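Undergrad: Pasting a structure below so you can have a look.
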Amino acid sequence: MQAPQNQHLQKNGGRGGRLDRLQFVILPLLGAALLLTNRWFTEVDDECAIIDRAAQPIVHTISLYLTGAGEHEHPPLYDLILHGWLRLTGGEQHLLRLPAVLFYLAGAWVLANAAKRQAGRAAQGYTLLLVALWPYGFHFGRLATWYSFCFLLVSLLTWNYFRYLESPHLRNWFWLILSSLLLLYSNYFGWALLGCLALDFIILNRNMPRKAWAQVAGTGLLLLAAYVPIARAFVGEIHESIEPNSRIATLFFTGLYNFYSVFVSESVAPWFWFLGVPVAAAIMICLVMTFVSVSHQAKRFLLYFTGLLSVMTLLGIANTKRMLFISPWLILPVGIALTAATGKPARRVLSGALLFVAAIGWYGIVSRAWYAAPHWIEPWETISQESANLTRNGGIVIGDNPSFFFYLTYALPPVATENGQNFDGLLPDSTRRRNVYNGPQWLTAGRPVAAQMFLVKGPHYQIPAAPMDEAEHWLNGRCVLENTERMVHDPGAEWKQRFAPDTGQVPWRIEIVRYACSQ
């Protein structure tokens with residue numbers, strides 16, 4: 001069966017050729033920009049957790065999944081790749097994000113070629129431009145997590161699906177199956193995307209003979225059989241991680257916020273109305289123009305993206321970091337729409353709306369004043385340097401934030417790491433340093449005291465808050481409070497507390513309490 005081609009393909013050939021050549025400029029420039037600006041963006045909690053666990057032996061990681069325990073909220077393929085990278089580089093801090101950047105660039109290239117299969121060379125060039133100017137991707141495409149890897153795999157799956165539609169031969173079927181398995185071993189929600197492709201195939205082949213239906217069923221059974229090794233971990237993850245929210249308002253605003261963020265990123269929060277409202281209007285224009293301009297199949301991919309986001313929201317697993325995973329099915333129809341929009345006025349309206357959204361997102365990145373999620377700009381590296389100096393002089397540091405411990409790990413390197421030995425993981429659990437504790441460790445150690453004490457409090461995620469509160473109460477009663485410093489005010493904390501109270505958001509992201517104690 002032949003995949004539908006855009007009727008303007010021939011007309012846009014010259015423009016497509018010029019845009020096609022841009023890939024040799026755009027992708028290297030985008031990669032350089034991502035690498036050179038890495039220090040602008042703080043290592044976030046997910047990165048810290050995944051890097052820390054990826055340092056563990058491969059046998060340990062695999063055994064967790066084979067026994068059904070699992071380790072993260074995703075299958076282990078990316079973690080195994082990251083483990084090899086940590087071993088190869090010794091956990092060098094400035095190289096941690098390099099594989100993610102390469103995966104993101106490869107995903108952009110593959111997605112652009114998928115667009116080319118659907119709508120010609122112009123769609124390929126427009127898709128590359130969309131990725132290059134995308135504020136959301138500029139944030140999340142760099143993170144040392146599974147996000148950019150799954151962005152690549154979804155793009156690869158889409159490309160192989162289009163190849164199979166054009167030529168349903170055994171070789172193309174094999175590559176489709178392989179990319180499906182890679183996705184399933186990288187993200188549990190991959191089954192939902194495969195379900196969308198199965199639905200799309202059925203729509204395109206409504207009158208399939210029984211033999212073709214048997215082939216589709218056989219393909220599904222083959223994927224299920226190949227998934228058996230991690231099936232128990234998948235079932236366990238369903239029971240543990242899926243937490244549907246019964247509050248309709250929370251579900252509604254979570255879905256809207258994630259949809260908003262995938263366009264403009266977290267650099268401009270929607271509650272800054274003078275920017276958020278015009279951006280929301282421009283996003284609606286983009287969606288409407290895309291839907292009315294593209295082919296039926298491209299429309300379906302836009303609907304698949306919307307449906308997947310809705311299901312994730314209802315299941316309680318939707319957040320901004322997971323949008324990169326399904327975003328190829330948003331970028332693809334938008335890139336095709338820029339090619340297919342009939343007449344210059346339509347294309348100008350769509351292009352203008354997209355450029356406006358991108359410009360506001362980039363304005364937020366440069367100004368660093370309107371972030372919805374301030375974890376990107378928290379000064380943990382500076383705080384960790386000060387804390388490291390304190391411990392070298394005999395002081396004690398107690399903390400509760402993964403990003404803080406990430407930077408403190410590198411600020412206090414062990415001799416083995418300095419000699420190029422294996423990277424053992426991050427503070428405070430996988431590796432230890434003298435006079436560095438989290439709350440539970442400090443209490444277990446018998447509440448050791450030094451002349452100078454630092455209590456470093458931040459968003460603590462999976463580290464319990466009660467031990468830190470107990471430590472603060474104990475120190476307040478036995479030491480002299482020298483200073484309390486608050487950093488990174490979150491103007492959106494009130495909105496987050498109202499619509500997502502379970503996230504525990506506070507007006508000040510960081511609090512540092514300094515004590516002088518008698519030993």
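Residue numbering restarts at 1 in every chain; chains get A, B, ... in the order shown in the structure tokens, and ligands count up from 1 in that same order.
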I want to know what sits within 6 Å of range 91-102 of chain A, based on only C-alpha atoms, with residues of the same chain fewer than 3 positions away left out; could you give that as an MDAnalysis selection string?
TA: chainID A and resid 86 105 142:144 148 423
Undergrad: Could you jot down the CA of Ala358 in chain A to CA of Arg498 in chain A separation for me, Å, one decimal place?
TA: 28.5 Å
Undergrad: Residues at most 7 Å from range 440-454 of chain A, counting only C-alpha atoms, excluding those fewer than 3 positions away in the same chain, as a PyMOL selection string?
TA: chain A and resi 394-398+437+467+512-519
Undergrad: Write out the residues from the selection above, keeping C-alpha atoms, as a short mmCIF file (atom, residue, chain, number, x, y, z; two decimals), in the first residue's frame.
TA:
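What ended up in out.cif:
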```cif
data_model
loop_
_atom_site.label_atom_id
_atom_site.label_comp_id
_atom_site.auth_asym_id
_atom_site.auth_seq_id
_atom_site.Cartn_x
_atom_site.Cartn_y
_atom_site.Cartn_z
CA GLY A 394 35.72 20.15 59.68
CA GLY A 395 32.12 21.30 59.38
CA ILE A 396 29.10 19.07 58.88
CA VAL A 397 26.54 19.34 56.07
CA ILE A 398 23.04 17.83 56.21
CA TYR A 437 24.69 13.33 55.56
CA PRO A 467 14.21 13.51 59.63
CA ILE A 512 20.12 27.20 54.08
CA VAL A 513 20.38 27.30 57.87
CA ARG A 514 23.80 27.88 59.47
CA TYR A 515 24.59 26.94 63.06
CA ALA A 516 27.53 27.38 65.40
CA CYS A 517 27.73 24.50 67.87
CA SER A 518 29.80 23.57 70.91
CA GLN A 519 31.40 20.18 70.29
#
```
Undergrad: Can you list every residue of range 387-494 of chain A that has an atom at most 12 Å from range 255-271 of chain A, with its nearest atom pair and the distance in Å to one decimal, using only C-alpha atoms, ordered by chain then number, as CSV?
TA:
```
residue,atom,partner,partner_atom,distance
A:Asp490,CA,A:Ala269,CA,10.7
A:Pro491,CA,A:Trp271,CA,8.9
A:Gly492,CA,A:Trp271,CA,7.1
A:Ala493,CA,A:Trp271,CA,10.6
A:Glu494,CA,A:Trp271,CA,10.4
```
Undergrad: Atoms to include: all heavy atoms. Write the selected residues as a short mmCIF file (atom, residue, chain, number, x, y, z; two decimals), in the first residue's frame.
TA:
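And here's result-v6.cif as it stands now:
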```
data_model
loop_
_atom_site.label_atom_id
_atom_site.label_comp_id
_atom_site.auth_asym_id
_atom_site.auth_seq_id
_atom_site.Cartn_x
_atom_site.Cartn_y
_atom_site.Cartn_z
N ASP A 490 9.47 31.02 44.20
CA ASP A 490 8.59 30.45 43.18
C ASP A 490 7.26 31.20 43.20
O ASP A 490 6.41 30.94 44.05
CB ASP A 490 8.37 28.97 43.45
CG ASP A 490 7.54 28.29 42.37
OD1 ASP A 490 7.14 28.99 41.41
OD2 ASP A 490 7.31 27.08 42.47
N PRO A 491 7.05 32.14 42.27
CA PRO A 491 5.80 32.90 42.27
C PRO A 491 4.57 32.06 41.94
O PRO A 491 3.44 32.50 42.16
CB PRO A 491 6.03 33.97 41.21
CG PRO A 491 7.08 33.40 40.31
CD PRO A 491 7.95 32.55 41.19
N GLY A 492 4.78 30.86 41.43
CA GLY A 492 3.65 30.00 41.10
C GLY A 492 3.30 29.01 42.19
O GLY A 492 2.44 28.15 41.98
N ALA A 493 3.94 29.13 43.36
CA ALA A 493 3.70 28.16 44.43
C ALA A 493 2.24 28.13 44.85
O ALA A 493 1.67 27.07 45.14
CB ALA A 493 4.60 28.46 45.62
N GLU A 494 1.60 29.30 44.89
CA GLU A 494 0.20 29.36 45.31
C GLU A 494 -0.69 28.59 44.33
O GLU A 494 -1.60 27.85 44.75
CB GLU A 494 -0.25 30.81 45.42
CG GLU A 494 -1.70 30.97 45.87
CD GLU A 494 -2.13 32.42 45.95
OE1 GLU A 494 -1.26 33.31 45.82
OE2 GLU A 494 -3.34 32.67 46.12
#
```
Undergrad: If you count only C-alpha atoms, which residues fall within 8 Å of Pro328 in chain A, apart from same-chain ones fewer than 6 positions away, as a PyMOL selection string?
TA: chain A and resi 111+151+154-155
Undergrad: Could you tell me how far CA of Ser293 in chain A lies from CA of Gly335 in chain A, in Å and to one decimal?
TA: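 Separating CA of Ser293 in chain A from CA of Gly335 in chain A is a distance of 10.8 Å.
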Undergrad: As a PyMOL selection string, list the residues of range 458-496 of chain A assigned to helix (DSSP H, G or I) by DSSP on the backbone atoms of this structure.
TA: chain A and resi 466-478+493-496
Undergrad: Can you spit out the residues from that selection as a PDB file, in the first residue's frame, using N, CA and C atoms?
TA:
```
ATOM      1  N   ALA A 466      10.544  14.272  57.365  1.00  0.00           N
ATOM      2  CA  ALA A 466      10.510  14.248  58.831  1.00  0.00           C
ATOM      3  C   ALA A 466      11.893  14.252  59.471  1.00  0.00           C
ATOM      4  N   PRO A 467      12.883  13.465  58.998  1.00  0.00           N
ATOM      5  CA  PRO A 467      14.211  13.508  59.625  1.00  0.00           C
ATOM      6  C   PRO A 467      14.879  14.882  59.544  1.00  0.00           C
ATOM      7  N   MET A 468      14.680  15.599  58.425  1.00  0.00           N
ATOM      8  CA  MET A 468      15.254  16.948  58.321  1.00  0.00           C
ATOM      9  C   MET A 468      14.584  17.897  59.312  1.00  0.00           C
ATOM     10  N   ASP A 469      13.282  17.772  59.465  1.00  0.00           N
ATOM     11  CA  ASP A 469      12.586  18.602  60.446  1.00  0.00           C
ATOM     12  C   ASP A 469      13.070  18.297  61.859  1.00  0.00           C
ATOM     13  N   GLU A 470      13.289  17.017  62.147  1.00  0.00           N
ATOM     14  CA  GLU A 470      13.794  16.638  63.466  1.00  0.00           C
ATOM     15  C   GLU A 470      15.202  17.174  63.692  1.00  0.00           C
ATOM     16  N   ALA A 471      16.046  17.091  62.633  1.00  0.00           N
ATOM     17  CA  ALA A 471      17.406  17.618  62.751  1.00  0.00           C
ATOM     18  C   ALA A 471      17.389  19.124  63.011  1.00  0.00           C
ATOM     19  N   GLU A 472      16.533  19.848  62.292  1.00  0.00           N
ATOM     20  CA  GLU A 472      16.445  21.291  62.492  1.00  0.00           C
ATOM     21  C   GLU A 472      15.962  21.616  63.911  1.00  0.00           C
ATOM     22  N   HIS A 473      14.973  20.898  64.382  1.00  0.00           N
ATOM     23  CA  HIS A 473      14.453  21.135  65.735  1.00  0.00           C
ATOM     24  C   HIS A 473      15.548  20.867  66.776  1.00  0.00           C
ATOM     25  N   TRP A 474      16.304  19.786  66.597  1.00  0.00           N
ATOM     26  CA  TRP A 474      17.371  19.437  67.536  1.00  0.00           C
ATOM     27  C   TRP A 474      18.475  20.498  67.541  1.00  0.00           C
ATOM     28  N   LEU A 475      18.894  20.932  66.367  1.00  0.00           N
ATOM     29  CA  LEU A 475      19.951  21.940  66.273  1.00  0.00           C
ATOM     30  C   LEU A 475      19.484  23.287  66.823  1.00  0.00           C
ATOM     31  N   ASN A 476      18.230  23.630  66.608  1.00  0.00           N
ATOM     32  CA  ASN A 476      17.712  24.891  67.161  1.00  0.00           C
ATOM     33  C   ASN A 476      17.792  24.913  68.675  1.00  0.00           C
ATOM     34  N   GLY A 477      17.666  23.760  69.322  1.00  0.00           N
ATOM     35  CA  GLY A 477      17.677  23.707  70.777  1.00  0.00           C
ATOM     36  C   GLY A 477      19.055  23.606  71.380  1.00  0.00           C
ATOM     37  N   ARG A 478      20.098  23.282  70.585  1.00  0.00           N
ATOM     38  CA  ARG A 478      21.421  23.028  71.159  1.00  0.00           C
ATOM     39  C   ARG A 478      22.539  23.844  70.546  1.00  0.00           C
ATOM     40  N   ALA A 493       3.939  29.131  43.360  1.00  0.00           N
ATOM     41  CA  ALA A 493       3.697  28.156  44.429  1.00  0.00           C
ATOM     42  C   ALA A 493       2.236  28.132  44.854  1.00  0.00           C
ATOM     43  N   GLU A 494       1.603  29.303  44.892  1.00  0.00           N
ATOM     44  CA  GLU A 494       0.204  29.358  45.312  1.00  0.00           C
ATOM     45  C   GLU A 494      -0.690  28.592  44.334  1.00  0.00           C
ATOM     46  N   TRP A 495      -0.434  28.763  43.030  1.00  0.00           N
ATOM     47  CA  TRP A 495      -1.218  28.048  42.032  1.00  0.00           C
ATOM     48  C   TRP A 495      -0.987  26.545  42.146  1.00  0.00           C
ATOM     49  N   LYS A 496       0.250  26.137  42.366  1.00  0.00           N
ATOM     50  CA  LYS A 496       0.569  24.713  42.475  1.00  0.00           C
ATOM     51  C   LYS A 496      -0.073  24.101  43.715  1.00  0.00           C
TER      52      LYS A 496
END
```
Undergrad: Can you tell me, as a VMD selection string, what residues are no more than 7 Å from range 40-56 of chain A when counting only C-alpha atoms, ignoring any on the same chain fewer than 6 positions away?
TA: chain A and resid 79 to 80 82 to 83 86 143 to 145 375 to 378 402 to 403 406 423 to 426
